[in-house]
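Chemist: Next up, target22.cif (mmCIF, C-alpha atoms and all ligand atoms).
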data_target
loop_
_atom_site.group_PDB
_atom_site.id
_atom_site.type_symbol
_atom_site.label_atom_id
_atom_site.label_comp_id
_atom_site.auth_asym_id
_atom_site.auth_seq_id
_atom_site.Cartn_x
_atom_site.Cartn_y
_atom_site.Cartn_z
ATOM 1 C CA MET P 14 -40.075 2.100 -56.985
ATOM 2 C CA PHE P 15 -39.233 5.586 -55.792
ATOM 3 C CA GLY P 16 -39.783 4.568 -52.163
ATOM 4 C CA ARG P 17 -37.267 1.727 -52.439
ATOM 5 C CA LYS P 18 -34.675 3.978 -54.103
ATOM 6 C CA LYS P 19 -35.043 6.623 -51.435
ATOM 7 C CA GLN P 20 -34.770 4.061 -48.674
ATOM 8 C CA ALA P 21 -31.720 2.507 -50.358
ATOM 9 C CA GLN P 22 -30.070 5.925 -50.581
ATOM 10 C CA THR P 23 -30.680 6.537 -46.864
ATOM 11 C CA GLU P 24 -29.234 3.104 -46.043
ATOM 12 C CA ALA P 25 -26.279 3.774 -48.356
ATOM 13 C CA ASP P 26 -25.582 7.098 -46.637
ATOM 14 C CA SER P 27 -25.443 5.461 -43.239
ATOM 15 C CA VAL P 28 -23.219 2.635 -44.550
ATOM 16 C CA ILE P 29 -20.825 5.172 -46.081
ATOM 17 C CA GLU P 30 -20.898 7.220 -42.873
ATOM 18 C CA ALA P 31 -20.033 4.184 -40.772
ATOM 19 C CA HIS P 32 -17.335 2.995 -43.109
ATOM 20 C CA VAL P 33 -13.897 4.498 -43.131
ATOM 21 C CA ALA P 34 -11.859 1.931 -45.092
ATOM 22 C CA ASN P 35 -11.134 2.613 -48.725
ATOM 23 C CA SER P 36 -13.476 0.103 -50.298
ATOM 24 C CA LYS P 37 -14.233 0.128 -53.986
ATOM 25 C CA ILE P 38 -17.388 -1.923 -53.721
ATOM 26 C CA LEU P 39 -19.409 -2.299 -50.558
ATOM 27 C CA VAL P 40 -22.419 -4.584 -50.588
ATOM 28 C CA SER P 41 -24.469 -4.598 -47.381
ATOM 29 C CA ASN P 42 -27.266 -7.017 -46.524
ATOM 30 C CA LEU P 43 -28.263 -7.319 -50.152
ATOM 31 C CA ARG P 44 -31.484 -9.160 -50.876
ATOM 32 C CA LYS P 45 -33.154 -9.961 -54.152
ATOM 33 C CA ALA P 46 -36.500 -11.633 -54.477
ATOM 34 C CA TYR P 47 -38.198 -12.226 -57.808
ATOM 35 C CA VAL P 48 -41.933 -12.048 -57.337
ATOM 36 C CA SER P 49 -44.399 -13.476 -59.788
ATOM 37 C CA LYS P 50 -48.142 -14.106 -59.373
ATOM 38 C CA LYS P 51 -47.503 -17.686 -58.354
ATOM 39 C CA ARG P 52 -44.529 -17.397 -56.037
ATOM 40 C CA GLU P 53 -41.562 -15.530 -54.709
ATOM 41 C CA THR P 54 -38.046 -16.720 -55.520
ATOM 42 C CA VAL P 55 -35.402 -15.452 -53.126
ATOM 43 C CA ALA P 56 -32.345 -15.315 -55.378
ATOM 44 C CA ILE P 57 -30.178 -13.606 -52.729
ATOM 45 C CA ALA P 58 -31.135 -13.817 -49.064
ATOM 46 C CA ASP P 59 -28.551 -11.664 -47.320
ATOM 47 C CA VAL P 60 -25.178 -10.953 -48.878
ATOM 48 C CA SER P 61 -22.512 -8.554 -47.647
ATOM 49 C CA ILE P 62 -19.154 -8.222 -49.371
ATOM 50 C CA GLU P 63 -16.410 -5.662 -49.520
ATOM 51 C CA ILE P 64 -13.924 -5.296 -52.364
ATOM 52 C CA LEU P 65 -10.909 -3.013 -52.170
ATOM 53 C CA ASP P 66 -9.299 -1.158 -55.039
ATOM 54 C CA ASN P 67 -7.061 -3.387 -57.203
ATOM 55 C CA GLU P 68 -8.353 -6.632 -55.735
ATOM 56 C CA PHE P 69 -9.203 -9.609 -57.920
ATOM 57 C CA VAL P 70 -12.120 -11.190 -56.109
ATOM 58 C CA SER P 71 -13.914 -14.316 -57.246
ATOM 59 C CA ILE P 72 -17.325 -15.419 -56.062
ATOM 60 C CA VAL P 73 -17.988 -19.151 -56.238
ATOM 61 C CA GLY P 74 -21.199 -20.938 -55.432
ATOM 62 C CA PRO P 75 -23.506 -23.679 -56.670
ATOM 63 C CA SER P 76 -25.592 -23.154 -59.771
ATOM 64 C CA GLY P 77 -28.700 -21.068 -59.082
ATOM 65 C CA CYS P 78 -27.360 -19.493 -55.869
ATOM 66 C CA GLY P 79 -27.677 -15.949 -57.210
ATOM 67 C CA LYS P 80 -24.193 -15.207 -58.559
ATOM 68 C CA SER P 81 -25.408 -13.703 -61.833
ATOM 69 C CA THR P 82 -28.111 -11.799 -59.960
ATOM 70 C CA LEU P 83 -25.477 -10.280 -57.680
ATOM 71 C CA LEU P 84 -23.324 -9.270 -60.643
ATOM 72 C CA ARG P 85 -26.289 -7.796 -62.495
ATOM 73 C CA ILE P 86 -27.097 -5.666 -59.459
ATOM 74 C CA LEU P 87 -23.466 -4.484 -59.328
ATOM 75 C CA ALA P 88 -23.750 -3.679 -63.044
ATOM 76 C CA GLY P 89 -26.919 -1.686 -62.380
ATOM 77 C CA LEU P 90 -28.889 -3.978 -64.712
ATOM 78 C CA ASP P 91 -31.104 -5.301 -61.936
ATOM 79 C CA GLU P 92 -32.471 -3.758 -58.767
ATOM 80 C CA ALA P 93 -32.076 -5.179 -55.266
ATOM 81 C CA THR P 94 -35.144 -5.595 -53.096
ATOM 82 C CA GLY P 95 -33.205 -4.906 -49.903
ATOM 83 C CA GLY P 96 -29.831 -3.664 -48.726
ATOM 84 C CA THR P 97 -27.348 -1.596 -50.677
ATOM 85 C CA ALA P 98 -24.580 -1.891 -53.255
ATOM 86 C CA ILE P 99 -22.134 1.005 -53.288
ATOM 87 C CA LEU P 100 -19.345 1.779 -55.755
ATOM 88 C CA ASP P 101 -16.929 4.524 -54.741
ATOM 89 C CA ASP P 102 -19.301 5.996 -52.165
ATOM 90 C CA LYS P 103 -22.187 6.097 -54.625
ATOM 91 C CA LEU P 104 -25.281 3.918 -54.541
ATOM 92 C CA ILE P 105 -25.424 1.703 -57.633
ATOM 93 C CA ASP P 106 -28.816 2.192 -59.228
ATOM 94 C CA ASP P 107 -28.016 2.456 -62.941
ATOM 95 C CA PRO P 108 -25.634 0.965 -65.463
ATOM 96 C CA GLY P 109 -22.565 3.086 -66.153
ATOM 97 C CA ALA P 110 -19.355 3.231 -68.181
ATOM 98 C CA ASP P 111 -17.433 3.004 -64.893
ATOM 99 C CA ARG P 112 -18.206 -0.737 -64.928
ATOM 100 C CA GLY P 113 -16.988 -3.037 -67.712
ATOM 101 C CA MET P 114 -18.849 -6.287 -68.254
ATOM 102 C CA VAL P 115 -17.792 -9.618 -69.733
ATOM 103 C CA PHE P 116 -20.385 -12.390 -69.937
ATOM 104 C CA GLN P 117 -20.181 -16.096 -70.716
ATOM 105 C CA THR P 118 -21.929 -15.773 -74.039
ATOM 106 C CA TYR P 119 -20.167 -13.833 -76.717
ATOM 107 C CA THR P 120 -21.516 -10.335 -76.842
ATOM 108 C CA LEU P 121 -19.417 -8.703 -79.555
ATOM 109 C CA PHE P 122 -21.161 -6.656 -82.227
ATOM 110 C CA PRO P 123 -21.171 -9.062 -85.197
ATOM 111 C CA TRP P 124 -21.233 -6.265 -87.783
ATOM 112 C CA LEU P 125 -18.053 -4.650 -86.410
ATOM 113 C CA SER P 126 -14.495 -5.863 -86.904
ATOM 114 C CA VAL P 127 -12.259 -6.755 -83.956
ATOM 115 C CA GLU P 128 -10.695 -3.295 -83.830
ATOM 116 C CA GLU P 129 -14.060 -1.568 -84.295
ATOM 117 C CA ASN P 130 -15.490 -3.582 -81.406
ATOM 118 C CA ILE P 131 -12.664 -2.397 -79.129
ATOM 119 C CA HIS P 132 -13.073 1.169 -80.447
ATOM 120 C CA PHE P 133 -16.798 1.201 -79.760
ATOM 121 C CA GLY P 134 -16.891 2.547 -76.196
ATOM 122 C CA LEU P 135 -14.094 5.020 -76.873
ATOM 123 C CA LYS P 136 -16.116 6.521 -79.697
ATOM 124 C CA ILE P 137 -19.124 6.931 -77.405
ATOM 125 C CA LYS P 138 -16.892 8.617 -74.832
ATOM 126 C CA LYS P 139 -15.645 10.912 -77.628
ATOM 127 C CA ILE P 140 -11.991 10.072 -76.992
ATOM 128 C CA PRO P 141 -9.900 11.831 -79.695
ATOM 129 C CA LYS P 142 -9.160 9.443 -82.580
ATOM 130 C CA LYS P 143 -5.375 9.383 -82.211
ATOM 131 C CA GLN P 144 -5.609 8.550 -78.516
ATOM 132 C CA ALA P 145 -8.329 5.945 -79.149
ATOM 133 C CA ASP P 146 -6.185 4.318 -81.861
ATOM 134 C CA GLU P 147 -3.301 4.022 -79.411
ATOM 135 C CA ILE P 148 -5.544 2.416 -76.790
ATOM 136 C CA VAL P 149 -6.924 -0.059 -79.339
ATOM 137 C CA ASP P 150 -3.411 -0.932 -80.591
ATOM 138 C CA HIS P 151 -2.296 -1.495 -77.016
ATOM 139 C CA TYR P 152 -5.143 -3.874 -76.143
ATOM 140 C CA LEU P 153 -4.819 -5.756 -79.436
ATOM 141 C CA GLU P 154 -1.227 -6.470 -78.370
ATOM 142 C CA VAL P 155 -2.291 -7.445 -74.852
ATOM 143 C CA ILE P 156 -4.800 -10.016 -76.156
ATOM 144 C CA LYS P 157 -2.382 -11.077 -78.920
ATOM 145 C CA LEU P 158 -4.859 -10.451 -81.728
ATOM 146 C CA THR P 159 -3.134 -7.693 -83.691
ATOM 147 C CA PRO P 160 -3.021 -9.881 -86.837
ATOM 148 C CA PHE P 161 -6.804 -10.346 -86.575
ATOM 149 C CA ARG P 162 -7.741 -6.693 -86.125
ATOM 150 C CA LYS P 163 -9.727 -6.553 -89.373
ATOM 151 C CA SER P 164 -11.508 -9.875 -88.803
ATOM 152 C CA TYR P 165 -15.163 -10.168 -87.829
ATOM 153 C CA PRO P 166 -16.385 -12.052 -84.743
ATOM 154 C CA LYS P 167 -17.826 -14.957 -86.755
ATOM 155 C CA GLU P 168 -14.336 -15.598 -88.160
ATOM 156 C CA LEU P 169 -12.885 -16.076 -84.657
ATOM 157 C CA SER P 170 -12.887 -19.003 -82.208
ATOM 158 C CA GLY P 171 -14.761 -18.687 -78.914
ATOM 159 C CA GLY P 172 -11.543 -18.009 -76.986
ATOM 160 C CA MET P 173 -10.515 -15.276 -79.427
ATOM 161 C CA GLN P 174 -13.948 -13.663 -79.167
ATOM 162 C CA GLN P 175 -13.701 -13.603 -75.379
ATOM 163 C CA ARG P 176 -10.249 -11.993 -75.653
ATOM 164 C CA VAL P 177 -11.828 -9.228 -77.739
ATOM 165 C CA ALA P 178 -14.651 -8.866 -75.190
ATOM 166 C CA ILE P 179 -12.066 -8.435 -72.404
ATOM 167 C CA ALA P 180 -10.096 -5.905 -74.468
ATOM 168 C CA ARG P 181 -13.278 -4.004 -75.275
ATOM 169 C CA ALA P 182 -14.153 -3.790 -71.576
ATOM 170 C CA LEU P 183 -10.614 -2.797 -70.485
ATOM 171 C CA ALA P 184 -10.173 -0.190 -73.242
ATOM 172 C CA ASN P 185 -12.762 2.002 -71.508
ATOM 173 C CA SER P 186 -10.642 1.997 -68.323
ATOM 174 C CA PRO P 187 -13.556 1.009 -66.114
ATOM 175 C CA LYS P 188 -13.269 1.408 -62.361
ATOM 176 C CA VAL P 189 -14.350 -2.202 -62.002
ATOM 177 C CA LEU P 190 -14.423 -5.162 -64.344
ATOM 178 C CA LEU P 191 -17.439 -7.420 -63.746
ATOM 179 C CA MET P 192 -17.072 -10.904 -65.241
ATOM 180 C CA ASP P 193 -19.773 -13.582 -65.199
ATOM 181 C CA GLU P 194 -18.319 -17.036 -65.959
ATOM 182 C CA PRO P 195 -16.468 -15.578 -68.955
ATOM 183 C CA PHE P 196 -14.540 -18.793 -69.671
ATOM 184 C CA GLY P 197 -17.384 -21.189 -68.863
ATOM 185 C CA ALA P 198 -18.124 -22.084 -72.477
ATOM 186 C CA LEU P 199 -14.503 -22.714 -73.528
ATOM 187 C CA ASP P 200 -12.697 -26.046 -73.873
ATOM 188 C CA SER P 201 -10.288 -26.811 -71.045
ATOM 189 C CA GLN P 202 -7.092 -25.969 -72.934
ATOM 190 C CA THR P 203 -8.411 -22.581 -74.125
ATOM 191 C CA LYS P 204 -9.826 -21.949 -70.670
ATOM 192 C CA SER P 205 -6.377 -22.407 -69.071
ATOM 193 C CA GLU P 206 -4.813 -20.068 -71.646
ATOM 194 C CA MET P 207 -7.472 -17.457 -70.899
ATOM 195 C CA GLN P 208 -6.924 -17.779 -67.157
ATOM 196 C CA LEU P 209 -3.201 -17.200 -67.639
ATOM 197 C CA LEU P 210 -3.842 -14.192 -69.890
ATOM 198 C CA MET P 211 -6.320 -12.731 -67.407
ATOM 199 C CA ARG P 212 -3.921 -13.183 -64.507
ATOM 200 C CA GLN P 213 -1.109 -11.545 -66.537
ATOM 201 C CA ILE P 214 -3.351 -8.593 -67.412
ATOM 202 C CA TRP P 215 -4.194 -8.183 -63.735
ATOM 203 C CA GLN P 216 -0.534 -8.405 -62.668
ATOM 204 C CA VAL P 217 0.332 -5.510 -64.973
ATOM 205 C CA ASP P 218 -2.691 -3.194 -64.823
ATOM 206 C CA LYS P 219 -4.309 -4.293 -61.542
ATOM 207 C CA PRO P 220 -7.881 -3.549 -62.465
ATOM 208 C CA THR P 221 -10.415 -4.189 -59.700
ATOM 209 C CA VAL P 222 -12.157 -7.371 -60.809
ATOM 210 C CA VAL P 223 -15.281 -9.155 -59.580
ATOM 211 C CA PHE P 224 -15.211 -12.584 -61.174
ATOM 212 C CA ILE P 225 -18.094 -15.055 -60.998
ATOM 213 C CA THR P 226 -17.333 -18.716 -61.537
ATOM 214 C CA HIS P 227 -18.345 -22.153 -60.328
ATOM 215 C CA ASP P 228 -14.856 -23.427 -61.178
ATOM 216 C CA ILE P 229 -12.923 -23.545 -57.909
ATOM 217 C CA GLU P 230 -9.532 -24.084 -59.561
ATOM 218 C CA GLU P 231 -10.119 -21.031 -61.740
ATOM 219 C CA ALA P 232 -11.105 -18.926 -58.718
ATOM 220 C CA VAL P 233 -7.983 -19.902 -56.746
ATOM 221 C CA PHE P 234 -5.658 -19.384 -59.711
ATOM 222 C CA LEU P 235 -6.929 -15.916 -60.574
ATOM 223 C CA SER P 236 -7.828 -14.334 -57.285
ATOM 224 C CA THR P 237 -6.444 -12.407 -54.399
ATOM 225 C CA ARG P 238 -9.565 -13.440 -52.474
ATOM 226 C CA VAL P 239 -12.483 -15.820 -52.911
ATOM 227 C CA TYR P 240 -15.987 -15.499 -51.482
ATOM 228 C CA VAL P 241 -17.923 -18.742 -51.163
ATOM 229 C CA MET P 242 -21.706 -18.466 -51.516
ATOM 230 C CA SER P 243 -24.128 -21.030 -50.135
ATOM 231 C CA GLY P 244 -26.990 -22.527 -52.092
ATOM 232 C CA GLN P 245 -30.394 -20.885 -51.827
ATOM 233 C CA PRO P 246 -31.279 -18.931 -49.809
ATOM 234 C CA SER P 247 -27.847 -17.581 -50.503
ATOM 235 C CA VAL P 248 -25.546 -15.972 -48.002
ATOM 236 C CA ILE P 249 -21.762 -15.635 -47.922
ATOM 237 C CA LYS P 250 -20.312 -18.725 -46.290
ATOM 238 C CA ALA P 251 -16.646 -17.860 -46.308
ATOM 239 C CA ASN P 252 -14.117 -15.249 -47.302
ATOM 240 C CA ILE P 253 -10.786 -16.835 -48.232
ATOM 241 C CA PRO P 254 -7.704 -14.702 -48.981
ATOM 242 C CA ILE P 255 -5.414 -16.505 -51.430
ATOM 243 C CA TYR P 256 -1.808 -16.203 -50.351
ATOM 244 C CA LEU P 257 -0.077 -17.663 -53.404
ATOM 245 C CA SER P 258 2.826 -16.083 -55.252
ATOM 246 C CA TYR P 259 2.063 -12.874 -57.083
ATOM 247 C CA LYS P 260 3.379 -13.932 -60.475
ATOM 248 C CA ARG P 261 1.474 -17.088 -61.247
ATOM 249 C CA SER P 262 1.981 -19.586 -64.040
ATOM 250 C CA LEU P 263 -0.284 -22.558 -64.736
ATOM 251 C CA GLU P 264 2.184 -24.905 -62.978
ATOM 252 C CA ILE P 265 1.128 -23.383 -59.663
ATOM 253 C CA LYS P 266 -2.026 -25.490 -59.904
ATOM 254 C CA ASP P 267 0.069 -28.587 -59.069
ATOM 255 C CA THR P 268 1.572 -27.190 -55.863
ATOM 256 C CA THR P 269 0.450 -28.433 -52.452
ATOM 257 C CA GLU P 270 -0.550 -24.907 -51.380
ATOM 258 C CA PHE P 271 -2.811 -24.531 -54.404
ATOM 259 C CA ILE P 272 -4.376 -27.960 -53.919
ATOM 260 C CA ALA P 273 -5.005 -27.179 -50.243
ATOM 261 C CA TYR P 274 -6.974 -24.067 -51.211
ATOM 262 C CA ARG P 275 -8.940 -26.063 -53.762
ATOM 263 C CA HIS P 276 -9.817 -28.734 -51.181
ATOM 264 C CA ARG P 277 -10.771 -26.175 -48.591
ATOM 265 C CA ILE P 278 -13.160 -24.338 -50.882
ATOM 266 C CA THR P 279 -14.603 -27.587 -52.241
ATOM 267 C CA ALA P 280 -15.286 -28.730 -48.667
ATOM 268 C CA LEU P 281 -16.980 -25.429 -47.874
ATOM 269 C CA LEU P 282 -19.173 -25.704 -50.940
ATOM 270 C CA HIS P 283 -20.210 -29.223 -49.999
ATOM 271 C CA ASP P 284 -20.791 -28.310 -46.359
ATOM 272 C CA LYS P 285 -18.124 -30.658 -45.104
ATOM 273 C CA GLU P 286 -15.995 -30.060 -42.075
ATOM 274 C CA VAL P 287 -12.872 -28.274 -43.206
ATOM 275 C CA ASP P 288 -9.947 -30.431 -42.202
ATOM 276 C CA VAL P 289 -7.410 -29.009 -44.616
ATOM 277 C CA GLU P 290 -5.555 -26.163 -43.024
ATOM 278 C CA VAL P 291 -4.138 -23.549 -45.345
ATOM 279 C CA GLU P 292 -1.120 -21.675 -44.113
ATOM 280 C CA SER P 293 -1.418 -17.954 -44.252
HETATM 281 N N1 LIG P 301 -35.650 -12.781 -63.975
HETATM 282 C C1 LIG P 301 -35.862 -13.740 -63.074
HETATM 283 N N2 LIG P 301 -37.117 -14.050 -62.655
HETATM 284 C C2 LIG P 301 -37.346 -14.997 -61.735
HETATM 285 N N3 LIG P 301 -36.382 -15.732 -61.146
HETATM 286 C C3 LIG P 301 -35.109 -15.503 -61.515
HETATM 287 C C4 LIG P 301 -34.768 -14.493 -62.495
HETATM 288 N N4 LIG P 301 -33.421 -14.480 -62.655
HETATM 289 C C5 LIG P 301 -32.944 -15.430 -61.819
HETATM 290 N N5 LIG P 301 -33.943 -16.036 -61.136
HETATM 291 C C6 LIG P 301 -33.800 -17.099 -60.121
HETATM 292 O O1 LIG P 301 -32.922 -16.628 -59.133
HETATM 293 C C7 LIG P 301 -32.051 -17.662 -58.703
HETATM 294 C C8 LIG P 301 -30.603 -17.239 -58.901
HETATM 295 O O2 LIG P 301 -30.299 -17.157 -60.297
HETATM 296 P P1 LIG P 301 -28.871 -16.743 -60.845
HETATM 297 O O3 LIG P 301 -28.484 -15.446 -60.239
HETATM 298 O O4 LIG P 301 -28.921 -16.813 -62.319
HETATM 299 O O5 LIG P 301 -27.936 -17.901 -60.247
HETATM 300 P P2 LIG P 301 -26.444 -18.356 -60.637
HETATM 301 O O6 LIG P 301 -25.857 -17.316 -61.542
HETATM 302 O O7 LIG P 301 -25.728 -18.493 -59.333
HETATM 303 O O8 LIG P 301 -26.557 -19.693 -61.311
HETATM 304 C C9 LIG P 301 -32.454 -18.906 -59.485
HETATM 305 O O9 LIG P 301 -33.338 -19.665 -58.684
HETATM 306 C C10 LIG P 301 -33.165 -18.349 -60.683
HETATM 307 O O10 LIG P 301 -34.114 -19.247 -61.166
HETATM 308 MG MG MG P 302 -25.076 -17.425 -63.486
#
Would you mind writing the file out in structure tokens?
Modeler:
Amino acid sequence: MFGRKKQAQTEADSVIEAHVANSKILVSNLRKAYVSKKRETVAIADVSIEILDNEFVSIVGPSGCGKSTLLRILAGLDEATGGTAILDDKLIDDPGADRGMVFQTYTLFPWLSVEENIHFGLKIKKIPKKQADEIVDHYLEVIKLTPFRKSYPKELSGGMQQRVAIARALANSPKVLLMDEPFGALDSQTKSEMQLLMRQIWQVDKPTVVFITHDIEEAVFLSTRVYVMSGQPSVIKANIPIYLSYKRSLEIKDTTEFIAYRHRITALLHDKEVDVEVES
């Protein structure tokens, strides 16, 4: 274990040394193999990505291609078996409050009210109460749940619970928000509302977001850039900047530019020749 960490640190140092751009996250030749007695599963073969400050980057790919594994490594919850993942010039090898996480399944503390859930991380960080209260009030407004501040998670719909999870993550002002299919379990109407809310939050606060999804429309709507992952053994197939208008409403999904992006990414995922040109 120690040997791998030391080697990763040496690799990270040389990547940082060679790299002059201001990247927030720099993933180089990442590999993850799960080894059991019977066999080795290569979840990630060789993935390199770079995410700049304030970008909203989505990663799309077929089920089982290693998206969650990649995000867990970025979160410091899992260890790579090769390559490096760097956040702000520091090798990621542990979880940390500098990264906020939102998962598909609802992860609120059931015994805490909505406002207590959002307060939770602030309390751990020993933020003075008055300041913490202001932060909580602000995010309750942002997610439009002020009237439900005293409610408990079980009293809320799935969409409302995910809004609280997003507020809880943002309240800690993380350097990066890591989201793993956060709207995957929601009905299509609620999902669209959540996408709009998420895009509006980004337009105002511009958090750096890494967003995992297998929903191409969702990726195009939300993102400044989309990485397309191949099936196993997974590598990055394409890196597509999304040049759509900055202030987006749901109607943008019906525009020809939007549809062209959707077709292009769908074709890439299905290994078809890309015959839809997207203007840039
Ligand atoms: N803890 C684990 N042990 C063994 N294999 C795993 C483990 N976690 C994930 N895998 C395997 O790694 C591959 C990628 O999984 P995952 O990252 O969850 O994919 P995705 O999120 O893209 O659907 C899959 O083949 C999965 O079965
Ligand atoms: Mg997954």
Chemist: Would you give me, as a Markdown table, each residue of segment 214-268 of chain P having an atom within 7 Å of an atom of segment 74-93 of chain P, along with its shortest atom pair and that distance in Å to one decimal, using all atoms listed in the file and sorting by chain and residue number?
Modeler:
| residue | atom | partner | partner_atom | distance |
| --- | --- | --- | --- | --- |
| P:Ile225 | CA | P:Lys80 | CA | 6.6 |
| P:His227 | CA | P:Gly74 | CA | 5.8 |
| P:Val241 | CA | P:Gly74 | CA | 5.8 |
| P:Met242 | CA | P:Gly74 | CA | 4.7 |
| P:Ser243 | CA | P:Gly74 | CA | 6.1 |
| P:Gly244 | CA | P:Cys78 | CA | 4.9 |
| P:Gln245 | CA | P:Cys78 | CA | 5.2 |
| P:Ser247 | CA | P:Cys78 | CA | 5.7 |
Chemist: State, in Å with one decimal place, the distance from atom CA of Met211 of chain P to atom CA of Ile179 of chain P.
Modeler: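 These two atoms are separated by 8.7 Å.
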Chemist: Between P:Ile255, P:Val233, P:Ile148, P:Leu169, which one has atoms that come closest to Ala184 of chain P, using all atoms listed in the file?
Modeler: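 Result for the nearest residue to Ala184 of chain P: P:Ile148.
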Chemist: Apply the PyMOL selection byres (((chain P and resi 149) around 8) and not hetatm) to the displayed file and report the matching residues as a PyMOL selection string.
Modeler: chain P and resi 128+131-132+145-148+150-153+184
Chemist: With only C-alpha atoms as the basis for distance, which of P:Met207, P:Ile253, P:Ala25, P:Leu158 is at the shortest distance from Ser236 of chain P?
Modeler: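 Counting only C-alpha atoms, the residue closest to Ser236 of chain P is P:Ile253.
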Chemist: Could you tell me which residues the PyMOL selection byres (((chain P and resi 163-168) around 10) and not hetatm) returns for this structure, as a PDB file with C-alpha atoms, in the frame of the given file?
Modeler:
ATOM      1  CA  TYR P 119     -20.167 -13.833 -76.717  1.00  0.00           C
ATOM      2  CA  THR P 120     -21.516 -10.335 -76.842  1.00  0.00           C
ATOM      3  CA  LEU P 121     -19.417  -8.703 -79.555  1.00  0.00           C
ATOM      4  CA  PHE P 122     -21.161  -6.656 -82.227  1.00  0.00           C
ATOM      5  CA  PRO P 123     -21.171  -9.062 -85.197  1.00  0.00           C
ATOM      6  CA  TRP P 124     -21.233  -6.265 -87.783  1.00  0.00           C
ATOM      7  CA  LEU P 125     -18.053  -4.650 -86.410  1.00  0.00           C
ATOM      8  CA  SER P 126     -14.495  -5.863 -86.904  1.00  0.00           C
ATOM      9  CA  VAL P 127     -12.259  -6.755 -83.956  1.00  0.00           C
ATOM     10  CA  GLU P 128     -10.695  -3.295 -83.830  1.00  0.00           C
ATOM     11  CA  GLU P 129     -14.060  -1.568 -84.295  1.00  0.00           C
ATOM     12  CA  ASN P 130     -15.490  -3.582 -81.406  1.00  0.00           C
ATOM     13  CA  LEU P 158      -4.859 -10.451 -81.728  1.00  0.00           C
ATOM     14  CA  THR P 159      -3.134  -7.693 -83.691  1.00  0.00           C
ATOM     15  CA  PRO P 160      -3.021  -9.881 -86.837  1.00  0.00           C
ATOM     16  CA  PHE P 161      -6.804 -10.346 -86.575  1.00  0.00           C
ATOM     17  CA  ARG P 162      -7.741  -6.693 -86.125  1.00  0.00           C
ATOM     18  CA  LEU P 169     -12.885 -16.076 -84.657  1.00  0.00           C
ATOM     19  CA  SER P 170     -12.887 -19.003 -82.208  1.00  0.00           C
ATOM     20  CA  GLY P 171     -14.761 -18.687 -78.914  1.00  0.00           C
ATOM     21  CA  MET P 173     -10.515 -15.276 -79.427  1.00  0.00           C
ATOM     22  CA  GLN P 174     -13.948 -13.663 -79.167  1.00  0.00           C
ATOM     23  CA  GLN P 175     -13.701 -13.603 -75.379  1.00  0.00           C
ATOM     24  CA  VAL P 177     -11.828  -9.228 -77.739  1.00  0.00           C
TER      25      VAL P 177
END
Chemist: To one decimal place, how far is atom O1 of ligand LIG 301 (chain P) from atom CA of Leu39 of chain P in Å?
Modeler: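 Going from atom O1 of ligand LIG 301 (chain P) over to atom CA of Leu39 of chain P covers 21.5 Å.
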Chemist: As a PyMOL selection string, please: the residues near Tyr259 of chain P (cut-off 12 Å, only C-alpha atoms, same-chain neighbours under 6 positions excluded).
Modeler: chain P and resi 69+212-213+215-217+219+234-237+265
Chemist: Just to confirm, what's the straight-line distance from atom CA of Ile62 of chain P to atom CA of Arg181 of chain P in Å (one decimal)?
Modeler: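 These two atoms are separated by 26.9 Å.
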Chemist: Since the input has fewer atoms than a full residue there, write segment 88-97 of chain P out with N, CA and C atoms, as a short mmCIF file (atom, residue, chain, number, x, y, z; two decimals), in the coordinates of the input.
Modeler:
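Generated file (rebuild19.cif):
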data_model
loop_
_atom_site.label_atom_id
_atom_site.label_comp_id
_atom_site.auth_asym_id
_atom_site.auth_seq_id
_atom_site.Cartn_x
_atom_site.Cartn_y
_atom_site.Cartn_z
N ALA P 88 -23.81 -4.34 -61.73
CA ALA P 88 -23.75 -3.68 -63.04
C ALA P 88 -24.84 -2.63 -63.19
N GLY P 89 -25.80 -2.63 -62.28
CA GLY P 89 -26.92 -1.69 -62.38
C GLY P 89 -27.98 -2.16 -63.37
N LEU P 90 -27.93 -3.44 -63.74
CA LEU P 90 -28.89 -3.98 -64.71
C LEU P 90 -30.11 -4.56 -64.02
N ASP P 91 -30.01 -4.73 -62.71
CA ASP P 91 -31.10 -5.30 -61.94
C ASP P 91 -31.15 -4.56 -60.61
N GLU P 92 -32.32 -4.54 -59.99
CA GLU P 92 -32.47 -3.76 -58.77
C GLU P 92 -32.62 -4.69 -57.56
N ALA P 93 -31.93 -4.38 -56.48
CA ALA P 93 -32.08 -5.18 -55.27
C ALA P 93 -33.44 -4.90 -54.64
N THR P 94 -33.90 -5.85 -53.82
CA THR P 94 -35.14 -5.60 -53.10
C THR P 94 -34.85 -5.26 -51.63
N GLY P 95 -33.59 -5.30 -51.25
CA GLY P 95 -33.20 -4.91 -49.90
C GLY P 95 -31.71 -4.70 -49.84
N GLY P 96 -31.27 -3.89 -48.89
CA GLY P 96 -29.83 -3.66 -48.73
C GLY P 96 -29.29 -2.71 -49.76
N THR P 97 -27.96 -2.58 -49.78
CA THR P 97 -27.35 -1.60 -50.68
C THR P 97 -26.11 -2.16 -51.37
#
